[in-house]
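Colleague: Attaching a single structure in structure tokens format; questions to follow.
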Number of protein chains: 2
Amino acid sequence: MKKILFAIVCLWSSAVMAQNTNGIENLMPWPKQIEIGEGKFRLDESFELGMMGFQSPRLIAASTRYIDRMTNRTGLFLDQGWITAADSNASASLIIEVEREGEVLLGEDESYQLTIDENQIRLLATTDIGAVRGFQTLFQLISIDEKGYYLPQVDIVDEPRFQWRGLMIDASRHFQPVGVIKRNLDGMEAVKLNVLHLHLCDDHGYRVESKKFPKLNELASEGQYYTVEELKGIIKYAADRGIRVMPEIDVPGHASALLTAFPELGSKDTTYSLVRNAGVFDPTLNPIKEETYEFLDQLFGEVAEIFPDPYFHIGGDENEGHHWDQNQEIQAFMKANGLKNNHELQTYFNQHLFEILGKYDKYMMGWDEIHTEGIPKETVIHSWRGGGQDLADTTTLFAAARQGYKTVLSNGYYIDLMRPASHHYLRDPYFGYELEDEMKNNILGGEATQWSELVVPLTVDSRIWPRMGAIAERFWSPAEIRDVRDMYSRMFKLSLILEHYGLQHIAGKDILLRNLANSRNVEPVRILVDVLEPMKGYTRNAGGFMYDVFSPYTKLADATTADALDALKMDYLVEDYKDRKIGSDALVAQFNLWESNDEALRAIVLQSPILDQALPHSANLKILSQDALVAIEHIDSGRKPSKKWYKEALQHLEEAKSQSGRVELQIIDPVAELVEMTQTIRSNQD
Amino acid sequence: MKKILFAIVCLWSSAVMAQNTNGIENLMPWPKQIEIGEGKFRLDESFELGMMGFQSPRLIAASTRYIDRMTNRTGLFLDQGWITAADSNASASLIIEVEREGEVLLGEDESYQLTIDENQIRLLATTDIGAVRGFQTLFQLISIDEKGYYLPQVDIVDEPRFQWRGLMIDASRHFQPVGVIKRNLDGMEAVKLNVLHLHLCDDHGYRVESKKFPKLNELASEGQYYTVEELKGIIKYAADRGIRVMPEIDVPGHASALLTAFPELGSKDTTYSLVRNAGVFDPTLNPIKEETYEFLDQLFGEVAEIFPDPYFHIGGDENEGHHWDQNQEIQAFMKANGLKNNHELQTYFNQHLFEILGKYDKYMMGWDEIHTEGIPKETVIHSWRGGGQDLADTTTLFAAARQGYKTVLSNGYYIDLMRPASHHYLRDPYFGYELEDEMKNNILGGEATQWSELVVPLTVDSRIWPRMGAIAERFWSPAEIRDVRDMYSRMFKLSLILEHYGLQHIAGKDILLRNLANSRNVEPVRILVDVLEPMKGYTRNAGGFMYDVFSPYTKLADATTADALDALKMDYLVEDYKDRKIGSDALVAQFNLWESNDEALRAIVLQSPILDQALPHSANLKILSQDALVAIEHIDSGRKPSKKWYKEALQHLEEAKSQSGRVELQIIDPVAELVEMTQTIRSNQD
């Protein structure tokens with residue numbers, strides 16, 4: 001066997017721009033340890049799965065999912081049907097050996113071993129959750145050669161680096177129905193994530209059926225909330241996949257929904273209504289009223305009963321305390337009780353919550369802001385502000401971890417900011433430091449956050465996937481696995497695999513493209529969209545007030561994604577061209593395609609006014625492509641272009657940076673690179 | 001205004017193969033009466049909806065859906081947000097006037113009037129259900145010109161021809177989750193259907209949560225069933241759209257699921273298990289046991305309580321009575337009670353059911369087979385066998401209607417047979433006869449049936465849509481509206497509109513294409529798939545045993561649909577070419593594309609063995625395209641081709657008829673037409 005412990009073989013060169021069919025190159029997250037041999041296990045209709053020894057409903061269900069996905073991937077009509085307890089043939093092609101049922105709790109054993117040779121496949125795991133993890137690797141390994149489908153000979157020993165590997169979905173700002181949550185759980189299964197954090201209450205709505213407080217649903221949910229039965233279904237669905245589900249009820253700020261139903265609990269004597277825009281708003285629970293704690297006791301009790309997970313998230317973020325400042329009684333209370341500022345008042349509030357949650361056997365978790373003096377050490381600090389500037393940093397994840405708090409990092413994993421996957425991929429929960437064991441022990445892992453100001457069910461998958469795979473790899477794989485180009489190569493292969501899990505990240509985008517094109521013929525739109533990315537950070541939603549909850553989310557910006565595929569490819573083509581690894585053919589072909597696309601796009605816009613904001617980008621794409629072609633011609637022929645041309649090209653690059661339709665053109669860097677390459681030519685100018 | 005009462009303007013000529021943007025051409029079902037003017041109501045951000053007078057939750061919800069779809073279609077950021085009771089501005093752009101709340105019952109008033117002029121839109125209806133119907137027309141009317149989006153000036157008076165306009169979905173053979181049902185209800189809303197018939201119990205599984213008989217779920221559902229809460233959610237969702245939901249529990253045959261849980265109620269002393277294949281099976285309830293009726297009384301009572309609709313479907317079909325014949329006690333009982341044959345025994349059984357359902361205030365409905373002597377006249381006969389050969393036919397819909405039974409026609413609307421939309425479109429519930437009023441009165445309407453042996457959630461939408469629109473038009477529009485080419489033109493426009501309603505008929509197919517291509521580059525596969533159709537009738541599933549419940553449903557046949565788009569277009573191109581309405585350019589371009597596709601497809605198959613069954617069709621498509629190009633060349637130049645060529649071309653056409661991958665090539669007819677056209681050339685042969 002050939003040892004590839006950390007296989008950083010870049011597979012995404014121009015030579016293999018076509019589909020590569022070796023399953024090793026699909027692996028994401030990359031396993032802890034892998035040895036690859038030359039043998040092949042052939043997949044055919046006689047394929048059979050046998051469970052040796054221990055069985056559980058989770059294992060049987062996971063086996064059935066594997067068989068179902070495998071048969072649909074390969075088109076093989078298997079002799080074996082859905083897996084039942086009777087499937088325990090010791091000479092089956094795929095032998096599963098599990099020792100015990102896993103508990104869906106933080107720290108459970110998720111390790112597995114996978115051995116494939118020409119005659120048999122063995123998947124061994126301590127827990128059935130470990131087996132669930134192994135099945136994903138096994139599915140990714142499905143490979144193709146001229147004879148058909150096979151699994152490559154491998155020896156894999158795998159376990160996660162971090163025990164908390166999460167995805168938060170904000171179901172408050174835009175409600176995300178059960179189907180969205182379930183298919184995202186399927187995606188999480190695919191990349192071995194183990195925590196779904198549901199942000200269920202914010203200024204825009206309360207999203208849990210409340211039997212104790214029906215007013216929350218009548219007045220603060222607009223009919224958009226999960227019933228208790230639906231939540232139990234989600235939790236069961238997640239548990240089947242070895243995924244915990246943690247609820248968040250965000251208090252004392254972000255409280256417009258709670259106060260719309262119960263204004264008497266607010267810090268200001270007013271009426272409240274649901275928020276429609278983005279931003280940080282003033283409505284805040286009144287921390288000096290006994291009724292507030294009575295209400296939260298009952299509310300948390302109700303939610304705690306639905307969610308079996310021992311962790312309960314109380315939010316606690318972005319309370320600017322304006323209404324506290326304005327309330328005379330609160331000010332008097334603070335003075336009387338020696339609370340010097342709003343931070344201390346919030347600590348006072350949180351200490352009450354800590355007691356309430358203790359009654360329900362829950363650990364309290366909250367965002368950075370709850371990390372104040374006086375907060376019990378059993379609290380988990382969820383760091384969205386991050387830090388990591390240096391080891392001595394006192395305002396960060398590190399500070400909390402050093403003080404003995406358990407911590408989870410989300411800073412750097414805010415996927416709603418629409419930064420490229422590489423940005424998140426390179427953010428490490430240890431920030432690249434060698435930490436002491438105790439610190440390591442206190443940093444449980446990380447969570448990506450999908451805030452939903454600008455996402456609706458049709459677009460949410462394309463915001464999360466496939467790049468969530470890159471983040472999942474950061475949380476699962478050894479820290480040394482951090483080659484960005486290799487990651488992208490595997491991430492875009494994962495993208496197709498995720499469709500077998502039911503994700504709609506490509507299909508939803510196609511629907512948007514057809515609406516933009518007003519036709520089934522979307523190709524010119526797709527060509528443009530695949531070099532555009534939405535404005536990053538929170539710039540797209542200017543001032544937070546450009547978009548409402550009910551704005552159209554079917555426009556150009558919604559069809560673009562954070563990693564513009566063809567722009568990324570061009571980055572690497574130019575890199576290889578510059579390094580003289582390839583000639584200019586592939587570049588020229590791509591720039592010619594882009595150059596000629598503008599005309600076709602203009603014809604479409606005439607039929608589809610919703611697309612008109614694409615025109616400036618299309619024009620810029622044409623101009624930059626023309627410049628790139630000229631640059632390449634000069635580089636290839638060794639003739640330096642004129643100063644005038646160079647100056648104009650720089651001007652074009654500058655002009656192409658302007659946004660239109662809340663999106664930005666992404667091929668500026670590689671074209672700039674080509675333009676600059678012309679300046680190193682030593683021959684005479686034109 | 002220009003009167004177009006029955007506008008049969010064929011819009012699908014080669015000249016307008018590109019997207020047409022006039023909303024009139026999107027209308028489906030076509031309204032009863034329409035006058036079209038020259039004016040245009042411009043859509044812009046000031047668009048506002050105002051409800052005058054009566055309001056209801058249904059009307060507010062429908063208004064919100066309209067605004068949501070409109071804003072997403074056009075990309076307009078409206079000043080008005082979600083609709084609330086406060087939206088009653090009398091000078092709003094769109095005025096809604098409704099008289100009363102509609103009841104979701106057979107025969108409710110669904111009429112509406114829609115008047116659009118340059119300054120205002122008025123939607124008038126007796127009931128809020130009528131308004132729901134009108135909103136669909138209003139959405140389809142969204143039009144585009146060089147200035148942007150507008151609504152054309154129209155005067156529409158509309159109401160349905162039939163009061164029962166249904167779609168049956170079989171959730172037993174392959175379970176269809178709640179999300180599938182809800183998005184199909186959205187599609188039904190789009191084309192003004194008003195009955196969802198859920199086939200909930202068959203040999204493959206029982207799909208209703210049973211609190212009285214949990215064994216049905218434990219043993220006969222495999223975890224795949226609707227909870228009571230989910231069903232109530234579906235019913236509420238449907239009622240919001242003015243759609244009734246009728247349950248079917250199929251007895252006494254098709255009983256494998258019921259008998260898997262309760263074998264003691266079977267006609268044979270044996271154990272039973274869930275069926276995996278397709279076909280008609282023997283397990284049958286025992287009609288002479290008191291326990292059978294006690295069980296059905298409780299079961300029907302439980303189901304009747306969930307579904308408020310007054311109609312309850314008891315199936316009753318395909319009971320071949322083999323187990324009755326073999327059971328001595330049943331034979332003795334029949335003799336003792338003067339029941340001469342199994343039909344009379346089933347009538348005896350059904351009479352009991354009629355009484356049971358009467359207790360629950362339900363009308364009994366059942367398939368053809370329950371139409372026997374002695375069945376009460378209040379029973380509704382659901383005709384799947386059809387008839388209509390002549391007016392005197394005694395075995396048919398007509399016979400039942402003449403005897404005074406209410407009837408619903410499904411014969412001719414079996415969409416699982418994968419026949420073209422035109423086939424269903426031309427089937428009329430009156431079979432083209434002028435019927436007496438009493439007969440008309442007894443033929444309530446029709447229902448399309450989506451049996452699910454071969455469909456899974458990923459493919460079911462593409463089996464139902466867009467062609468369900470053509471059937472909906474048959475049920476809604478005047479009988480005279482039956483121009484097939486015009487229908488197809490509008491149906492393919494409807495197809496894109498349906499994506500705004502959440503249907504996945506195109507997106508799901510795209511997912512299959514990517515799996516088939518093993519790549520995002522699916523174009524060569526799409527080009528082929530759009531001239532292929534799955535084998536028709538029940539021939540695809542040879543003997544009923546080729547496919548299991550758990551077979552792969554991601555193969556070539558699953559990606560094809562019943563109306564191969566490009567093949568249909570070629571039919572009409574050849575028609576126009578033959579009629580000398582167009583020259584050969586468009587034909588030559590298309591045949592050249594098909595001819596050159598084979599090479600690209602072969603390259604893909606090397607990377608994707610699941611697609612290998614496409615190769616014979618691709619080769620045939622190439623050969624037929626070559627023949628077509630030769631034929632066109634001769635026709636255009638007036639030179640007759642050689643007899644040898646003609647003979648070979650006929651041979652090619654014959655060979656191209658063979659199936660591969662359970663699909664058939666669809667361009668045989670137009671190519672044969674071209675080949676035959678060469679034989680009418682009067683010049684010398686080559």
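Letters A, B, ... go to the chains of the structure tokens in the order shown; residues in each chain start at 1; ligands are counted from 1 in the same order.
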Chain B residues within 7 Å of chain A, counting only C-alpha atoms: which ones, as a PyMOL selection string?
Modeller: chain B and resi 19+21+71-77+81-82+144+146+148+179+499+507+510-511+515+519+550-555+606-607+609-610
Colleague: If we count only C-alpha atoms and set the cut-off at 8 Å, which residues sit around B:Gln298, ignoring sequence neighbours fewer than 4 positions away in its own chain? Please answer as a tab-separated table (two decimals) with C-alpha atoms, in the first residue's frame.
Modeller:
```tsv
chain	number	residue	atom	x	y	z
B	212	LYS	CA	-56.55	3.11	17.47
B	294	GLU	CA	-65.78	-3.73	13.62
B	302	GLU	CA	-60.57	7.49	12.80
```
Colleague: If we count only C-alpha atoms, what is near B:Ser596 at a cut-off of 8 Å, once residues fewer than 4 positions away on the same chain are taken out, given as a PDB file with C-alpha atoms, in the first residue's frame?
Modeller:
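File produced: part.pdb:
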```
ATOM      1  CA  ASN B 592     -27.021  19.284 -36.921  1.00  0.00           C
ATOM      2  CA  ALA B 600     -19.982  14.458 -26.673  1.00  0.00           C
ATOM      3  CA  LYS B 622     -27.283  10.680 -34.983  1.00  0.00           C
TER       4      LYS B 622
END
```
Colleague: I'd like the contact shell of A:Gly279 - 9 Å cut-off, only C-alpha atoms, skipping same-chain residues fewer than 4 positions apart - returned as an MDAnalysis selection string.
Modeller: chainID A and resid 543:545
Colleague: Pull the helix (DSSP H, G or I) assignments for stretch 48-136 of chain A out of DSSP run on the backbone, and list those residues as a ChimeraX atom specification.
Modeller: /A:57-74,128-136
Colleague: Take the residues just selected and output them with C-alpha atoms as a PDB file, in the first residue's frame.
Modeller:
```pdb
ATOM      1  CA  PRO A  57     -32.384   1.163  14.790  1.00  0.00           C
ATOM      2  CA  ARG A  58     -29.837   3.895  14.012  1.00  0.00           C
ATOM      3  CA  LEU A  59     -27.470   1.415  12.397  1.00  0.00           C
ATOM      4  CA  ILE A  60     -30.216  -0.223  10.348  1.00  0.00           C
ATOM      5  CA  ALA A  61     -31.504   3.141   9.180  1.00  0.00           C
ATOM      6  CA  ALA A  62     -28.006   4.354   8.284  1.00  0.00           C
ATOM      7  CA  SER A  63     -27.336   1.127   6.395  1.00  0.00           C
ATOM      8  CA  THR A  64     -30.562   1.556   4.453  1.00  0.00           C
ATOM      9  CA  ARG A  65     -29.664   5.153   3.610  1.00  0.00           C
ATOM     10  CA  TYR A  66     -26.272   4.017   2.389  1.00  0.00           C
ATOM     11  CA  ILE A  67     -27.735   1.306   0.190  1.00  0.00           C
ATOM     12  CA  ASP A  68     -30.371   3.688  -1.134  1.00  0.00           C
ATOM     13  CA  ARG A  69     -27.835   6.369  -2.023  1.00  0.00           C
ATOM     14  CA  MET A  70     -25.432   3.859  -3.508  1.00  0.00           C
ATOM     15  CA  THR A  71     -28.069   2.265  -5.715  1.00  0.00           C
ATOM     16  CA  ASN A  72     -29.245   5.674  -6.890  1.00  0.00           C
ATOM     17  CA  ARG A  73     -25.694   6.836  -7.533  1.00  0.00           C
ATOM     18  CA  THR A  74     -24.736   3.793  -9.579  1.00  0.00           C
ATOM     19  CA  ASP A 128     -23.292   3.242  15.682  1.00  0.00           C
ATOM     20  CA  ILE A 129     -22.635   6.982  15.358  1.00  0.00           C
ATOM     21  CA  GLY A 130     -19.085   6.125  14.309  1.00  0.00           C
ATOM     22  CA  ALA A 131     -20.587   3.805  11.700  1.00  0.00           C
ATOM     23  CA  VAL A 132     -22.779   6.673  10.441  1.00  0.00           C
ATOM     24  CA  ARG A 133     -19.579   8.704   9.954  1.00  0.00           C
ATOM     25  CA  GLY A 134     -17.902   5.810   8.136  1.00  0.00           C
ATOM     26  CA  PHE A 135     -20.812   5.368   5.736  1.00  0.00           C
ATOM     27  CA  GLN A 136     -20.263   8.896   4.464  1.00  0.00           C
TER      28      GLN A 136
END
```
Colleague: Compile the contact shell of stretch 557-566 of chain A as a VMD selection string: residues with an atom at most 8 Å away, counting only C-alpha atoms, same-chain residues fewer than 5 positions apart removed.
Modeller: chain A and resid 418 to 421 459 462 to 463 509 512 to 513 529 to 534 661 to 663 666
Colleague: Atoms to include: C-alpha atoms. Write the selected residues as a PDB file, in the first residue's frame.
Modeller:
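What ended up in part.pdb:
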```pdb
ATOM      1  CA  MET A 418     -20.680  35.521   1.793  1.00  0.00           C
ATOM      2  CA  ARG A 419     -16.914  35.387   2.059  1.00  0.00           C
ATOM      3  CA  PRO A 420     -15.149  32.647   0.106  1.00  0.00           C
ATOM      4  CA  ALA A 421     -14.837  29.147   1.524  1.00  0.00           C
ATOM      5  CA  THR A 459     -31.694  30.129  -1.552  1.00  0.00           C
ATOM      6  CA  SER A 462     -26.757  27.590  -1.833  1.00  0.00           C
ATOM      7  CA  ARG A 463     -25.563  29.848   1.008  1.00  0.00           C
ATOM      8  CA  LYS A 509     -29.982  28.233  -8.225  1.00  0.00           C
ATOM      9  CA  LEU A 512     -33.453  31.360 -10.087  1.00  0.00           C
ATOM     10  CA  LEU A 513     -31.548  31.310 -13.365  1.00  0.00           C
ATOM     11  CA  VAL A 529     -23.431  34.367 -12.739  1.00  0.00           C
ATOM     12  CA  ASP A 530     -20.539  31.958 -12.330  1.00  0.00           C
ATOM     13  CA  VAL A 531     -18.084  34.885 -12.261  1.00  0.00           C
ATOM     14  CA  LEU A 532     -20.158  37.021  -9.895  1.00  0.00           C
ATOM     15  CA  GLU A 533     -20.388  37.010  -6.125  1.00  0.00           C
ATOM     16  CA  PRO A 534     -22.808  38.866  -3.864  1.00  0.00           C
ATOM     17  CA  GLY A 661     -27.438  44.454  -8.555  1.00  0.00           C
ATOM     18  CA  ARG A 662     -25.632  44.020  -5.215  1.00  0.00           C
ATOM     19  CA  VAL A 663     -23.006  41.748  -6.798  1.00  0.00           C
ATOM     20  CA  GLN A 666     -14.764  38.242  -9.581  1.00  0.00           C
TER      21      GLN A 666
END
```
Colleague: Could you find all residues in stretch 63-194 of chain A that DSSP calls strand (DSSP E or B) from the backbone, and write them as a ChimeraX atom specification?
Modeller: /A:94-100,112-116,121-127,143-145,148-158,164-170
Colleague: Using only C-alpha atoms, which protein or nucleic acid residues come within 8 Å of A:Val191? Drop anything in the same chain fewer than 6 positions from it, and give the result as a PyMOL selection string.
Modeller: chain A and resi 28-29+136+469+472-473
Colleague: Taking only C-alpha atoms into account, name the residue in A:Tyr488, A:Phe398, A:Phe139, A:Trp164 that is nearest to A:Ser422.
Modeller: A:Tyr488
Colleague: Taking only C-alpha atoms into account, name the residue in B:Tyr150, B:Phe307, B:Trp367, B:Trp451 that is nearest to B:Gly253.
Modeller: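 Between B:Tyr150, B:Phe307, B:Trp367, B:Trp451, the residue approaching B:Gly253 most closely is B:Trp367.
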Colleague: To one decimal place in Å, what is the distance between atom CA of B:Asn337 and atom CA of B:Thr270?
Modeller: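 Interatomic distance, atom CA of B:Asn337 to atom CA of B:Thr270: 25.7 Å.
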Colleague: Find the residue from A:Pro283, A:Gly187, A:Pro670, A:Pro160 that sits nearest to A:Asp461; use only C-alpha atoms when measuring.
Modeller: A:Gly187
Colleague: Report as a PyMOL selection string all protein, DNA and RNA residues lying within 10 Å of A:Leu528, evaluated on only C-alpha atoms, omitting residues in the same chain fewer than 4 positions from it.
Modeller: chain A and resi 523-524+532+560+564+566-567+594+597-598+601+614-615+617-618+621+665
Colleague: Write the residues of the selection above to a file with all heavy atoms, as a compact mmCIF listing (two decimals), in the first residue's frame.
Modeller:
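File written: selection.txt
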```
# COMPACT_ATOMS: atom_id res chain seq x y z
N GLU A 523 -28.12 29.51 -20.35
CA GLU A 523 -26.66 29.42 -20.43
C GLU A 523 -25.95 30.78 -20.37
O GLU A 523 -25.00 30.93 -19.60
CB GLU A 523 -26.25 28.63 -21.69
CG GLU A 523 -24.99 27.80 -21.53
CD GLU A 523 -24.84 27.07 -20.20
OE1 GLU A 523 -25.85 26.60 -19.64
OE2 GLU A 523 -23.70 26.98 -19.71
N PRO A 524 -26.36 31.78 -21.13
CA PRO A 524 -25.65 33.07 -21.04
C PRO A 524 -25.73 33.67 -19.64
O PRO A 524 -24.79 34.33 -19.19
CB PRO A 524 -26.38 33.95 -22.06
CG PRO A 524 -27.00 32.98 -23.02
CD PRO A 524 -27.40 31.81 -22.18
N LEU A 532 -19.69 35.96 -10.79
CA LEU A 532 -20.16 37.02 -9.89
C LEU A 532 -20.30 36.49 -8.47
O LEU A 532 -20.60 35.31 -8.28
CB LEU A 532 -21.53 37.54 -10.36
CG LEU A 532 -21.61 38.19 -11.74
CD1 LEU A 532 -23.06 38.53 -12.07
CD2 LEU A 532 -20.73 39.43 -11.81
N THR A 560 -26.25 34.34 -7.34
CA THR A 560 -24.79 34.19 -7.20
C THR A 560 -24.48 33.54 -5.86
O THR A 560 -25.27 33.58 -4.94
CB THR A 560 -24.10 35.57 -7.26
OG1 THR A 560 -24.59 36.38 -6.19
CG2 THR A 560 -24.38 36.26 -8.57
N ALA A 564 -17.54 31.95 -6.67
CA ALA A 564 -17.88 31.93 -8.09
C ALA A 564 -16.97 30.91 -8.79
O ALA A 564 -15.76 31.09 -8.90
CB ALA A 564 -17.71 33.31 -8.70
N ASP A 566 -16.38 29.65 -11.88
CA ASP A 566 -15.52 29.87 -13.04
C ASP A 566 -14.43 30.91 -12.77
O ASP A 566 -13.34 30.84 -13.34
CB ASP A 566 -16.36 30.28 -14.26
CG ASP A 566 -17.17 29.10 -14.78
OD1 ASP A 566 -16.82 27.95 -14.44
OD2 ASP A 566 -18.14 29.32 -15.51
N ALA A 567 -14.74 31.86 -11.88
CA ALA A 567 -13.71 32.84 -11.50
C ALA A 567 -12.59 32.14 -10.74
O ALA A 567 -11.41 32.40 -10.96
CB ALA A 567 -14.34 33.95 -10.66
N TRP A 594 -16.31 34.20 -22.54
CA TRP A 594 -16.82 35.34 -21.78
C TRP A 594 -16.99 36.56 -22.68
O TRP A 594 -17.95 37.31 -22.56
CB TRP A 594 -15.84 35.68 -20.63
CG TRP A 594 -15.93 34.73 -19.46
CD1 TRP A 594 -17.01 34.01 -19.10
CD2 TRP A 594 -14.90 34.44 -18.51
NE1 TRP A 594 -16.72 33.28 -17.97
CE2 TRP A 594 -15.44 33.52 -17.57
CE3 TRP A 594 -13.58 34.86 -18.33
CZ2 TRP A 594 -14.70 33.02 -16.50
CZ3 TRP A 594 -12.85 34.36 -17.26
CH2 TRP A 594 -13.41 33.44 -16.35
N ASN A 597 -20.12 36.37 -24.66
CA ASN A 597 -21.37 36.14 -23.92
C ASN A 597 -22.25 37.39 -23.84
O ASN A 597 -23.47 37.28 -23.70
CB ASN A 597 -21.03 35.65 -22.50
CG ASN A 597 -22.25 35.08 -21.77
OD1 ASN A 597 -22.88 34.15 -22.28
ND2 ASN A 597 -22.57 35.64 -20.63
N ASP A 598 -21.62 38.54 -23.92
CA ASP A 598 -22.36 39.78 -23.68
C ASP A 598 -23.54 39.94 -24.64
O ASP A 598 -24.64 40.34 -24.23
CB ASP A 598 -21.40 40.97 -23.78
CG ASP A 598 -22.06 42.27 -23.34
OD1 ASP A 598 -22.65 42.28 -22.24
OD2 ASP A 598 -21.98 43.26 -24.08
N LEU A 601 -26.39 37.68 -23.70
CA LEU A 601 -27.02 38.15 -22.47
C LEU A 601 -27.93 39.34 -22.73
O LEU A 601 -29.03 39.45 -22.20
CB LEU A 601 -25.98 38.50 -21.41
CG LEU A 601 -26.63 38.68 -20.06
CD1 LEU A 601 -26.69 37.38 -19.29
CD2 LEU A 601 -25.97 39.75 -19.25
N ALA A 614 -27.65 43.04 -14.52
CA ALA A 614 -26.51 42.22 -14.94
C ALA A 614 -25.71 42.87 -16.06
O ALA A 614 -24.55 42.54 -16.29
CB ALA A 614 -27.00 40.85 -15.40
N LEU A 615 -26.33 43.83 -16.74
CA LEU A 615 -25.68 44.36 -17.96
C LEU A 615 -24.32 45.01 -17.71
O LEU A 615 -23.38 44.73 -18.47
CB LEU A 615 -26.64 45.33 -18.67
CG LEU A 615 -27.84 44.65 -19.34
CD1 LEU A 615 -28.76 45.69 -19.96
CD2 LEU A 615 -27.38 43.64 -20.40
N HIS A 617 -22.10 44.35 -15.52
CA HIS A 617 -21.12 43.30 -15.27
C HIS A 617 -20.78 42.55 -16.56
O HIS A 617 -19.64 42.19 -16.80
CB HIS A 617 -21.64 42.31 -14.24
CG HIS A 617 -21.77 42.90 -12.87
ND1 HIS A 617 -20.72 43.47 -12.21
CD2 HIS A 617 -22.84 43.00 -12.04
CE1 HIS A 617 -21.13 43.91 -11.02
NE2 HIS A 617 -22.42 43.65 -10.90
N SER A 618 -21.81 42.31 -17.35
CA SER A 618 -21.58 41.60 -18.61
C SER A 618 -20.66 42.41 -19.52
O SER A 618 -19.75 41.86 -20.15
CB SER A 618 -22.93 41.33 -19.28
OG SER A 618 -22.75 40.59 -20.45
N LEU A 621 -17.22 42.20 -18.11
CA LEU A 621 -16.64 40.88 -18.36
C LEU A 621 -16.09 40.80 -19.79
O LEU A 621 -15.01 40.26 -20.04
CB LEU A 621 -17.71 39.79 -18.14
CG LEU A 621 -17.26 38.35 -18.37
CD1 LEU A 621 -16.16 37.95 -17.38
CD2 LEU A 621 -18.46 37.39 -18.25
N LEU A 665 -18.05 41.63 -9.72
CA LEU A 665 -17.38 40.77 -10.69
C LEU A 665 -16.10 40.20 -10.06
O LEU A 665 -15.35 40.93 -9.40
CB LEU A 665 -17.05 41.60 -11.95
CG LEU A 665 -16.46 40.84 -13.14
CD1 LEU A 665 -17.43 39.78 -13.66
CD2 LEU A 665 -16.13 41.83 -14.26
```
Colleague: Kindly give the distance, in Å, that separates atom CA of A:Glu329 and atom CA of A:Gly301, rounded to a single decimal.
Modeller: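 Atom CA of A:Gly301 lies 28.3 Å from atom CA of A:Glu329.
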Colleague: Quote the spacing between atom CA of B:Ala171 and atom CA of B:Asn194 in Å to one decimal place.
Modeller: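 Computed distance, atom CA of B:Ala171 to atom CA of B:Asn194, equals 18.7 Å.
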